[in-house]
$ cat my_file_22.csv   # CSV, C-alpha atoms and all ligand atoms
chain,number,residue,atom,x,y,z
A,1,MET,CA,-138.4,-134.8,-103.5
A,2,THR,CA,-136.7,-136.7,-100.7
A,3,ALA,CA,-133.1,-137.5,-101.4
A,4,THR,CA,-131.5,-141.0,-101.5
A,5,VAL,CA,-129.2,-141.3,-98.6
A,6,ILE,CA,-125.7,-142.4,-99.6
A,7,ASP,CA,-124.6,-144.8,-96.9
A,8,GLY,CA,-120.9,-144.0,-96.4
A,9,LYS,CA,-120.6,-146.5,-93.5
A,10,ALA,CA,-121.7,-149.4,-95.6
A,11,PHE,CA,-119.7,-148.2,-98.6
A,12,ALA,CA,-116.5,-147.9,-96.4
A,13,ALA,CA,-117.1,-151.4,-95.1
A,14,SER,CA,-117.2,-152.7,-98.6
A,15,VAL,CA,-114.0,-150.9,-99.5
A,16,ARG,CA,-112.3,-152.3,-96.4
A,17,ALA,CA,-113.5,-155.8,-97.4
A,18,GLN,CA,-112.0,-155.4,-100.9
A,19,VAL,CA,-108.7,-154.2,-99.4
A,20,ALA,CA,-108.6,-157.1,-97.0
A,21,ALA,CA,-109.3,-159.6,-99.8
A,22,HIS,CA,-106.5,-158.2,-101.9
A,23,VAL,CA,-104.1,-158.1,-98.9
A,24,ALA,CA,-104.9,-161.8,-98.2
A,25,ARG,CA,-104.0,-162.6,-101.9
A,26,LEU,CA,-100.8,-160.6,-101.7
A,27,LYS,CA,-99.8,-162.6,-98.6
A,28,ASP,CA,-100.7,-166.0,-100.2
A,29,GLU,CA,-99.3,-165.5,-103.7
A,30,ASN,CA,-96.4,-163.1,-103.1
A,31,GLY,CA,-95.5,-163.4,-99.4
A,32,ILE,CA,-95.9,-159.6,-99.0
A,33,THR,CA,-97.8,-157.9,-96.1
A,34,PRO,CA,-98.5,-154.2,-96.6
A,35,GLY,CA,-97.4,-152.0,-93.7
A,36,LEU,CA,-98.6,-148.5,-92.6
A,37,ALA,CA,-96.5,-146.4,-90.3
A,38,VAL,CA,-98.4,-143.6,-88.4
A,39,VAL,CA,-96.5,-140.9,-86.6
A,40,LEU,CA,-98.2,-138.9,-83.8
A,41,VAL,CA,-96.5,-136.0,-82.1
A,42,GLY,CA,-98.1,-134.9,-78.9
A,43,GLU,CA,-101.3,-135.8,-77.1
A,44,ASP,CA,-104.1,-134.0,-78.9
A,45,PRO,CA,-107.2,-136.0,-77.9
A,46,ALA,CA,-108.9,-136.0,-81.3
A,47,SER,CA,-105.6,-137.1,-83.0
A,48,GLN,CA,-105.2,-139.9,-80.5
A,49,VAL,CA,-108.7,-141.2,-81.4
A,50,TYR,CA,-107.9,-141.0,-85.1
A,51,VAL,CA,-104.6,-142.8,-84.7
A,52,ARG,CA,-106.2,-145.6,-82.6
A,53,ASN,CA,-108.9,-146.1,-85.2
A,54,LYS,CA,-106.4,-146.2,-88.0
A,55,GLY,CA,-104.3,-148.9,-86.1
A,56,VAL,CA,-107.4,-151.1,-85.5
A,57,GLN,CA,-108.6,-150.9,-89.1
A,58,THR,CA,-105.1,-151.5,-90.5
A,59,HIS,CA,-104.9,-154.8,-88.5
A,60,GLU,CA,-108.4,-155.8,-89.4
A,61,ALA,CA,-107.4,-155.4,-93.1
A,62,GLY,CA,-104.6,-157.8,-92.5
A,63,MET,CA,-101.8,-155.2,-92.8
A,64,ASN,CA,-99.0,-154.4,-90.4
A,65,SER,CA,-99.4,-151.2,-88.4
A,66,PHE,CA,-96.4,-149.4,-87.0
A,67,GLU,CA,-97.3,-146.6,-84.5
A,68,HIS,CA,-94.7,-144.0,-83.5
A,69,LYS,CA,-95.9,-141.8,-80.6
A,70,LEU,CA,-93.5,-139.0,-79.9
A,71,SER,CA,-93.6,-136.4,-77.1
A,72,VAL,CA,-95.0,-132.9,-77.8
A,73,ASP,CA,-91.5,-131.3,-77.5
A,74,THR,CA,-89.9,-133.6,-80.1
A,75,SER,CA,-87.3,-131.7,-82.2
A,76,GLU,CA,-87.7,-131.3,-86.0
A,77,ALA,CA,-84.3,-133.1,-86.4
A,78,ASP,CA,-85.6,-136.1,-84.5
A,79,LEU,CA,-88.8,-136.2,-86.4
A,80,LEU,CA,-87.0,-135.9,-89.8
A,81,ALA,CA,-84.6,-138.7,-88.7
A,82,LEU,CA,-87.6,-141.0,-87.9
A,83,ILE,CA,-89.1,-140.3,-91.3
A,84,ALA,CA,-85.8,-141.0,-93.0
A,85,THR,CA,-85.7,-144.4,-91.2
A,86,LEU,CA,-89.3,-145.2,-92.3
A,87,ASN,CA,-88.5,-144.1,-95.9
A,88,ALA,CA,-85.7,-146.6,-96.0
A,89,ASP,CA,-87.7,-149.5,-94.3
A,90,PRO,CA,-88.9,-152.0,-97.0
A,91,ALA,CA,-91.6,-153.3,-94.6
A,92,VAL,CA,-93.2,-149.8,-94.5
A,93,HIS,CA,-95.3,-149.0,-97.6
A,94,GLY,CA,-97.2,-146.1,-96.3
A,95,ILE,CA,-96.3,-143.2,-93.9
A,96,LEU,CA,-98.8,-140.9,-92.3
A,97,VAL,CA,-97.8,-138.0,-90.0
A,98,GLN,CA,-100.9,-137.0,-88.1
A,99,LEU,CA,-101.8,-133.4,-88.4
A,100,PRO,CA,-101.9,-130.8,-86.9
A,101,LEU,CA,-98.3,-130.9,-85.7
A,102,PRO,CA,-97.2,-128.9,-82.7
A,103,LYS,CA,-96.4,-125.2,-83.7
A,104,HIS,CA,-92.6,-125.5,-83.4
A,105,LEU,CA,-92.6,-128.0,-86.3
A,106,ASP,CA,-92.8,-127.0,-89.9
A,107,SER,CA,-95.6,-129.2,-91.4
A,108,ASP,CA,-94.6,-128.5,-95.0
A,109,LEU,CA,-91.0,-129.4,-94.4
A,110,VAL,CA,-92.0,-132.6,-92.5
A,111,ILE,CA,-94.6,-133.7,-95.1
A,112,ASN,CA,-92.2,-133.0,-98.0
A,113,SER,CA,-89.5,-135.2,-96.3
A,114,ILE,CA,-91.7,-138.3,-96.7
A,115,ASP,CA,-90.9,-140.5,-99.8
A,116,PRO,CA,-93.7,-139.5,-102.2
A,117,ALA,CA,-94.2,-143.2,-103.1
A,118,LYS,CA,-95.1,-143.8,-99.4
A,119,ASP,CA,-97.1,-140.6,-98.9
A,120,VAL,CA,-100.5,-142.3,-98.4
A,121,ASP,CA,-102.0,-138.9,-97.4
A,122,GLY,CA,-101.1,-137.5,-100.9
A,123,PHE,CA,-99.9,-134.2,-99.3
A,124,HIS,CA,-96.3,-134.3,-100.6
A,125,ILE,CA,-95.7,-131.5,-103.1
A,126,SER,CA,-94.8,-134.1,-105.8
A,127,ASN,CA,-98.1,-135.9,-105.4
A,128,VAL,CA,-100.0,-132.5,-105.5
A,129,GLY,CA,-98.2,-131.8,-108.8
A,130,LEU,CA,-98.8,-135.2,-110.3
A,131,LEU,CA,-102.5,-135.0,-109.5
A,132,GLY,CA,-102.7,-131.5,-110.9
A,133,THR,CA,-101.1,-132.7,-114.2
A,134,GLY,CA,-103.3,-135.9,-114.4
A,135,GLN,CA,-100.4,-138.3,-113.7
A,136,LYS,CA,-100.4,-141.3,-111.4
A,137,SER,CA,-100.1,-140.2,-107.8
A,138,MET,CA,-101.1,-140.8,-104.2
A,139,VAL,CA,-104.5,-139.1,-103.8
A,140,PRO,CA,-105.7,-137.5,-100.5
A,141,CYS,CA,-108.0,-139.9,-98.7
A,142,THR,CA,-111.1,-137.8,-98.1
A,143,PRO,CA,-111.5,-136.5,-101.7
A,144,LEU,CA,-110.8,-140.0,-103.0
A,145,GLY,CA,-113.6,-141.4,-100.8
A,146,CYS,CA,-116.0,-138.7,-102.1
A,147,LEU,CA,-115.0,-139.6,-105.7
A,148,MET,CA,-115.6,-143.3,-105.1
A,149,MET,CA,-119.1,-142.6,-103.7
A,150,LEU,CA,-119.9,-140.3,-106.6
A,151,ARG,CA,-118.8,-142.9,-109.2
A,152,ASP,CA,-120.7,-145.6,-107.4
A,153,HIS,CA,-123.9,-143.5,-107.4
A,154,HIS,CA,-123.7,-142.0,-110.9
A,155,GLY,CA,-121.4,-144.2,-113.0
A,156,SER,CA,-119.8,-141.6,-115.3
A,157,LEU,CA,-119.5,-138.0,-114.0
A,158,ALA,CA,-118.6,-136.7,-117.5
A,159,GLY,CA,-120.2,-133.3,-118.3
A,160,MET,CA,-121.7,-132.7,-114.9
A,161,ASN,CA,-121.5,-129.3,-113.2
A,162,ALA,CA,-119.6,-129.8,-110.0
A,163,VAL,CA,-119.2,-127.0,-107.3
A,164,VAL,CA,-116.7,-127.5,-104.5
A,165,VAL,CA,-117.2,-125.2,-101.6
A,166,GLY,CA,-113.9,-124.9,-99.8
A,167,ARG,CA,-110.3,-124.4,-101.1
A,168,SER,CA,-108.2,-126.4,-98.6
A,169,ASN,CA,-105.1,-128.3,-99.7
A,170,ILE,CA,-106.5,-131.4,-98.0
A,171,VAL,CA,-110.0,-131.5,-99.5
A,172,GLY,CA,-111.2,-128.6,-101.7
A,173,LYS,CA,-108.3,-128.4,-104.2
A,174,PRO,CA,-107.7,-132.1,-104.7
A,175,MET,CA,-111.4,-132.7,-104.9
A,176,ALA,CA,-111.7,-130.2,-107.7
A,177,GLN,CA,-108.7,-131.9,-109.5
A,178,LEU,CA,-110.3,-135.3,-109.2
A,179,LEU,CA,-113.7,-134.1,-110.5
A,180,LEU,CA,-111.9,-132.4,-113.4
A,181,GLY,CA,-110.1,-135.7,-114.1
A,182,ASP,CA,-113.6,-137.3,-114.4
A,183,SER,CA,-114.6,-134.7,-116.9
A,184,CYS,CA,-116.8,-132.5,-114.7
A,185,THR,CA,-117.1,-128.8,-115.3
A,186,VAL,CA,-115.7,-127.6,-112.0
A,187,THR,CA,-116.1,-124.5,-109.9
A,188,ILE,CA,-114.3,-123.9,-106.7
A,189,ALA,CA,-116.2,-121.6,-104.4
A,190,HIS,CA,-115.3,-120.3,-100.9
A,191,SER,CA,-116.3,-118.0,-98.1
A,192,ARG,CA,-115.5,-114.9,-100.3
A,193,THR,CA,-117.5,-116.1,-103.3
A,194,LYS,CA,-120.1,-113.6,-104.5
A,195,ASP,CA,-123.7,-114.9,-104.4
A,196,LEU,CA,-122.6,-118.3,-103.2
A,197,ALA,CA,-126.2,-119.5,-103.3
A,198,GLU,CA,-126.6,-118.8,-107.0
A,199,VAL,CA,-123.2,-120.6,-107.7
A,200,CYS,CA,-124.2,-123.6,-105.6
A,201,ARG,CA,-127.6,-123.8,-107.4
A,202,ARG,CA,-125.8,-124.5,-110.7
A,203,ALA,CA,-124.3,-127.7,-109.3
A,204,ASP,CA,-125.3,-131.2,-110.3
A,205,ILE,CA,-122.7,-132.3,-107.8
A,206,LEU,CA,-122.2,-130.1,-104.7
A,207,VAL,CA,-119.3,-130.8,-102.4
A,208,ALA,CA,-119.3,-128.9,-99.1
A,209,ALA,CA,-115.9,-128.7,-97.4
A,210,VAL,CA,-115.9,-125.3,-95.7
A,211,GLY,CA,-115.8,-126.2,-92.1
A,212,ARG,CA,-118.8,-124.1,-91.2
A,213,PRO,CA,-121.7,-125.9,-89.5
A,214,GLU,CA,-124.9,-126.2,-91.6
A,215,MET,CA,-123.8,-123.3,-93.9
A,216,ILE,CA,-125.2,-124.9,-97.1
A,217,THR,CA,-129.0,-124.7,-96.9
A,218,GLY,CA,-131.7,-126.2,-99.1
A,219,ASP,CA,-132.3,-123.0,-101.0
A,220,MET,CA,-128.7,-123.3,-102.3
A,221,VAL,CA,-129.3,-126.8,-103.7
A,222,LYS,CA,-130.5,-127.5,-107.3
A,223,PRO,CA,-133.4,-129.9,-107.3
A,224,GLY,CA,-132.1,-133.4,-107.8
A,225,ALA,CA,-128.5,-132.6,-107.2
A,226,THR,CA,-126.0,-134.9,-105.4
A,227,VAL,CA,-124.8,-133.3,-102.2
A,228,ILE,CA,-121.5,-134.6,-100.6
A,229,ASP,CA,-121.0,-133.2,-97.1
A,230,VAL,CA,-117.4,-133.3,-95.9
A,231,GLY,CA,-117.9,-131.3,-92.8
A,232,ILE,CA,-117.7,-132.7,-89.3
A,233,ASN,CA,-118.6,-130.0,-86.8
A,234,ARG,CA,-119.4,-130.3,-83.1
A,235,ILE,CA,-122.1,-127.9,-82.1
A,236,GLU,CA,-124.1,-127.4,-78.9
A,237,LYS,CA,-127.9,-127.3,-79.5
A,238,ASP,CA,-130.5,-127.4,-76.8
A,239,GLY,CA,-127.8,-128.2,-74.2
A,240,LYS,CA,-126.6,-131.2,-76.1
A,241,VAL,CA,-123.4,-131.7,-78.2
A,242,ARG,CA,-124.3,-132.8,-81.7
A,243,LEU,CA,-122.3,-133.7,-84.8
A,244,VAL,CA,-123.4,-131.8,-87.9
A,245,GLY,CA,-121.9,-131.3,-91.4
A,246,ASP,CA,-121.4,-128.2,-93.5
A,247,VAL,CA,-124.8,-128.9,-95.0
A,248,HIS,CA,-128.1,-128.2,-93.3
A,249,TYR,CA,-129.3,-131.8,-93.7
A,250,GLU,CA,-133.1,-131.5,-93.4
A,251,SER,CA,-133.6,-128.6,-95.8
A,252,ALA,CA,-131.0,-129.9,-98.3
A,253,ALA,CA,-132.4,-133.5,-98.3
A,254,ALA,CA,-135.8,-132.1,-99.2
A,255,VAL,CA,-134.4,-130.8,-102.5
A,256,ALA,CA,-131.4,-133.0,-103.4
A,257,GLY,CA,-131.5,-136.2,-105.4
A,258,ALA,CA,-128.9,-137.8,-103.2
A,259,ILE,CA,-127.0,-136.8,-100.0
A,260,THR,CA,-124.4,-138.0,-97.6
A,261,PRO,CA,-125.4,-137.8,-93.9
A,262,VAL,CA,-123.2,-136.7,-91.0
A,263,PRO,CA,-122.2,-138.9,-89.3
A,264,GLY,CA,-122.1,-142.0,-91.5
A,265,GLY,CA,-121.3,-140.3,-94.9
A,266,VAL,CA,-117.9,-139.2,-95.9
A,267,GLY,CA,-116.3,-139.7,-92.5
A,268,PRO,CA,-115.9,-143.5,-92.6
A,269,MET,CA,-114.5,-143.4,-96.1
A,270,THR,CA,-111.3,-141.5,-95.1
A,271,ILE,CA,-109.7,-144.4,-93.2
A,272,ALA,CA,-111.0,-146.9,-95.8
A,273,CYS,CA,-109.2,-144.9,-98.5
A,274,LEU,CA,-106.1,-144.7,-96.3
A,275,LEU,CA,-106.0,-148.5,-96.3
A,276,ALA,CA,-106.7,-148.5,-100.1
A,277,ASN,CA,-103.8,-146.1,-100.6
A,278,THR,CA,-101.4,-148.2,-98.4
A,279,LEU,CA,-102.3,-151.3,-100.5
A,280,THR,CA,-101.8,-149.3,-103.8
A,281,ALA,CA,-98.4,-148.1,-102.5
A,282,CYS,CA,-97.4,-151.7,-101.6
A,283,CYS,CA,-98.4,-153.0,-105.0
A,284,ARG,CA,-96.5,-150.2,-106.8
A,285,ALA,CA,-93.4,-150.8,-104.6
A,286,ASN,CA,-93.4,-154.4,-105.6
A,287,GLY,CA,-94.2,-153.9,-109.3
A,288,LEU,CA,-97.6,-155.7,-109.0
A,289,ALA,CA,-101.0,-154.8,-110.5
A,290,GLU,CA,-102.8,-152.1,-108.5
A,291,PRO,CA,-106.2,-152.9,-106.9
A,292,GLU,CA,-109.1,-152.2,-109.3
A,293,GLY,CA,-111.7,-149.6,-108.3
A,294,LEU,CA,-109.6,-148.4,-105.3
A,295,THR,CA,-107.6,-145.7,-107.0
A,296,ALA,CA,-108.4,-142.5,-108.8
A,301,LIG,N1,-105.7,-135.0,-89.3
A,301,LIG,C1,-107.0,-135.0,-89.5
A,301,LIG,N2,-107.2,-135.6,-90.7
A,301,LIG,C2,-106.0,-136.0,-91.2
A,301,LIG,C3,-105.6,-136.7,-92.3
A,301,LIG,O1,-106.4,-137.1,-93.2
A,301,LIG,N3,-104.3,-137.0,-92.5
A,301,LIG,C4,-103.4,-136.5,-91.5
A,301,LIG,N4,-102.1,-136.8,-91.7
A,301,LIG,N5,-103.7,-135.9,-90.4
A,301,LIG,C5,-105.0,-135.6,-90.3
$ encode --input "my_file_22.csv" --output "structure tokens" --more "lines below"
Ligand code: GUN
Amino acid sequence: MTATVIDGKAFAASVRAQVAAHVARLKDENGITPGLAVVLVGEDPASQVYVRNKGVQTHEAGMNSFEHKLSVDTSEADLLALIATLNADPAVHGILVQLPLPKHLDSDLVINSIDPAKDVDGFHISNVGLLGTGQKSMVPCTPLGCLMMLRDHHGSLAGMNAVVVGRSNIVGKPMAQLLLGDSCTVTIAHSRTKDLAEVCRRADILVAAVGRPEMITGDMVKPGATVIDVGINRIEKDGKVRLVGDVHYESAAAVAGAITPVPGGVGPMTIACLLANTLTACCRANGLAEPEGLTA
């Protein structure tokens, strides 16, 4: 079998187009423009690239983008004061503090100071609790993107065996909650799981989010399974730098029914879902109907 390739780049473009169409209607009919504030502390090069891309795509969707770039030695008090200002600003519907933060700042404290209704990353402890209890919340962008692709490919996920490899707060744990919410039978596996290959081979849906290049190989994939590769790893091979996922693509694609490539799979969905979450937050703040198909 050769797997169907799930085209995340095209899917993300269609999500961005849906968001842009809804934003245009909000402006026309309600005179409201959604606004996203992004806070970057320091000059980490990868973070700068992410923040630039977020700003460009926010504008392209017709939303306002507010960028706050702070020096690496910004005090916790100053950062918390900025967040308090953004929390109180009615033009700001979403707030994202780019991670990782410099070591002298307490990430948990900073994230939990964001108004949960504006927490478009879904990292605030209130949103984590709401998701865990099946209530309306803001959902972390990367797992939301994975869920959208899975629903698009399968329709209903009910009764499927899902294995999530990785237990991070940003991807693994919320991904498992979302799959449970869609009535999958969910296993969370990780680096210490005994006989990981055997556990993975039970999966109709296998989500790899461990951060280890090409760790999931074809022999760990059930024939016909859907493989979602969340990993983005830079490795040097034959003197060249290559981007690879957490899945060994060639061997897995020979066994799987469907698979997301790296690059061009899950990656583009993250910012698309950030825009969707900002739109959702804006609709909720104004008591308007939420966009269909863009929430969990
Ligand atoms: N750094 C890398 N990915 C992310 C993300 O999704 N959200 C935030 N806030 N920081 C990140």
$ residues_around --input "my_file_22.csv" --residues "Ala81 in chain A" --least-positions-apart "5" --cutoff "12 Å" --atoms "all atoms listed in the file" --output "PyMOL selection string"
chain A and resi 74-76+86-88+110+113-114
$ closest_atom_pairs --input "my_file_22.csv" --of "chain A" --to "ligand LIG 301 (chain A)" --cutoff "6 Å" --atoms "only C-alpha atoms and all ligand atoms" --output "tab-separated table"
residue	atom	partner	partner_atom	distance
A:Leu96	CA	A:LIG301	N4	5.3
A:Val97	CA	A:LIG301	N4	4.8
A:Gln98	CA	A:LIG301	N5	3.8
A:Leu99	CA	A:LIG301	N5	3.7
A:Asp121	CA	A:LIG301	N3	5.7
$ residues_near_point --input "my_file_22.csv" --point "(-116.6, -138.0, -97.0)" --cutoff "7 Å" --atoms "all atoms listed in the file" --output "JSON, numbers by chain"
{"A": [142, 145, 146, 228, 229, 230, 265, 266, 267, 269, 270]}
$ closest_residue --input "my_file_22.csv" --among "A:Asn112, A:Thr33, A:Gln177, A:Asn53" --to "Ser126 in chain A" --atoms "all atoms listed in the file"
A:Asn112
$ atom_distance --input "my_file_22.csv" --atom1 "CA of Asp106 in chain A" --atom2 "CA of Thr85 in chain A"
18.8 Å
$ residues_around --input "my_file_22.csv" --residues "Thr185 in chain A" --least-positions-apart "6" --cutoff "9 Å" --atoms "only C-alpha atoms" --output "list in words"
Ala158, Gly159, Met160, Asn161, Ala162, Val163 and Leu179 of chain A
$ residues_around --input "my_file_22.csv" --residues "range 10-24 of chain A" --least-positions-apart "6" --cutoff "6 Å" --atoms "only C-alpha atoms" --output "list in words"
Ala61, Pro268, Met269 and Ala272 of chain A
$ write_last_selection --input "my_file_22.csv" --atoms "C-alpha atoms" --output "tab-separated table (two decimals), keeping the file's coordinate frame"
chain	number	residue	atom	x	y	z
A	61	ALA	CA	-107.40	-155.40	-93.10
A	268	PRO	CA	-115.90	-143.50	-92.60
A	269	MET	CA	-114.50	-143.40	-96.10
A	272	ALA	CA	-111.00	-146.90	-95.80
$ atom_distance --input "my_file_22.csv" --atom1 "CA of Gly132 in chain A" --atom2 "CA of Arg167 in chain A"
14.3 Å
$ decode --input "my_file_22.csv" --residues "range 79-160 of chain A" --atoms "C-alpha atoms" --output "tab-separated table (two decimals), in the first residue's frame"
chain	number	residue	atom	x	y	z
A	79	LEU	CA	5.60	41.86	31.00
A	80	LEU	CA	2.64	41.31	33.35
A	81	ALA	CA	1.74	45.01	33.06
A	82	LEU	CA	1.68	44.74	29.25
A	83	ILE	CA	-0.55	41.65	29.45
A	84	ALA	CA	-2.92	43.50	31.82
A	85	THR	CA	-3.16	46.34	29.26
A	86	LEU	CA	-3.89	43.87	26.43
A	87	ASN	CA	-6.46	42.04	28.59
A	88	ALA	CA	-8.31	45.35	29.04
A	89	ASP	CA	-8.08	46.47	25.38
A	90	PRO	CA	-11.38	45.80	23.53
A	91	ALA	CA	-9.58	45.89	20.13
A	92	VAL	CA	-7.49	42.87	21.19
A	93	HIS	CA	-9.40	39.57	20.96
A	94	GLY	CA	-6.42	37.20	21.07
A	95	ILE	CA	-3.13	37.36	22.99
A	96	LEU	CA	-0.17	35.11	22.28
A	97	VAL	CA	3.08	35.24	24.25
A	98	GLN	CA	5.73	33.56	22.14
A	99	LEU	CA	7.48	30.67	23.90
A	100	PRO	CA	10.10	29.88	25.04
A	101	LEU	CA	10.51	32.89	27.33
A	102	PRO	CA	13.92	33.92	28.68
A	103	LYS	CA	14.82	31.87	31.79
A	104	HIS	CA	14.28	34.66	34.33
A	105	LEU	CA	10.56	34.78	33.45
A	106	ASP	CA	8.06	32.28	34.90
A	107	SER	CA	6.18	30.98	31.82
A	108	ASP	CA	3.31	29.47	33.84
A	109	LEU	CA	2.74	32.72	35.73
A	110	VAL	CA	2.86	34.75	32.51
A	111	ILE	CA	0.50	32.44	30.56
A	112	ASN	CA	-1.95	32.29	33.47
A	113	SER	CA	-2.09	36.11	33.61
A	114	ILE	CA	-3.69	36.20	30.12
A	115	ASP	CA	-7.50	36.57	30.11
A	116	PRO	CA	-8.60	32.94	29.35
A	117	ALA	CA	-11.13	34.30	26.80
A	118	LYS	CA	-8.20	35.87	24.87
A	119	ASP	CA	-5.83	32.90	25.33
A	120	VAL	CA	-5.71	31.85	21.66
A	121	ASP	CA	-2.91	29.37	22.43
A	122	GLY	CA	-5.21	27.49	24.82
A	123	PHE	CA	-2.38	27.20	27.37
A	124	HIS	CA	-4.12	28.95	30.33
A	125	ILE	CA	-4.91	26.55	33.15
A	126	SER	CA	-8.65	27.43	32.83
A	127	ASN	CA	-8.67	26.40	29.16
A	128	VAL	CA	-6.76	23.20	29.97
A	129	GLY	CA	-9.41	22.39	32.60
A	130	LEU	CA	-12.32	23.27	30.31
A	131	LEU	CA	-10.95	21.04	27.53
A	132	GLY	CA	-10.35	18.21	30.01
A	133	THR	CA	-13.97	18.39	31.19
A	134	GLY	CA	-15.45	18.65	27.69
A	135	GLN	CA	-16.53	22.29	28.04
A	136	LYS	CA	-16.20	25.12	25.56
A	137	SER	CA	-12.60	26.42	25.65
A	138	MET	CA	-9.79	27.83	23.55
A	139	VAL	CA	-7.98	24.79	22.09
A	140	PRO	CA	-4.20	24.67	21.43
A	141	CYS	CA	-3.56	25.38	17.75
A	142	THR	CA	-1.42	22.41	16.68
A	143	PRO	CA	-3.70	19.67	18.05
A	144	LEU	CA	-6.74	21.56	16.72
A	145	GLY	CA	-5.12	21.50	13.27
A	146	CYS	CA	-4.50	17.76	13.56
A	147	LEU	CA	-8.13	17.18	14.58
A	148	MET	CA	-9.42	19.19	11.61
A	149	MET	CA	-7.30	17.14	9.19
A	150	LEU	CA	-8.45	13.86	10.77
A	151	ARG	CA	-12.13	14.87	10.61
A	152	ASP	CA	-11.71	15.97	7.02
A	153	HIS	CA	-10.11	12.66	6.05
A	154	HIS	CA	-12.34	10.28	8.04
A	155	GLY	CA	-15.59	12.08	8.79
A	156	SER	CA	-16.47	10.51	12.14
A	157	LEU	CA	-13.59	9.30	14.34
A	158	ALA	CA	-15.91	7.45	16.76
A	159	GLY	CA	-14.63	4.10	17.96
A	160	MET	CA	-11.22	4.37	16.33
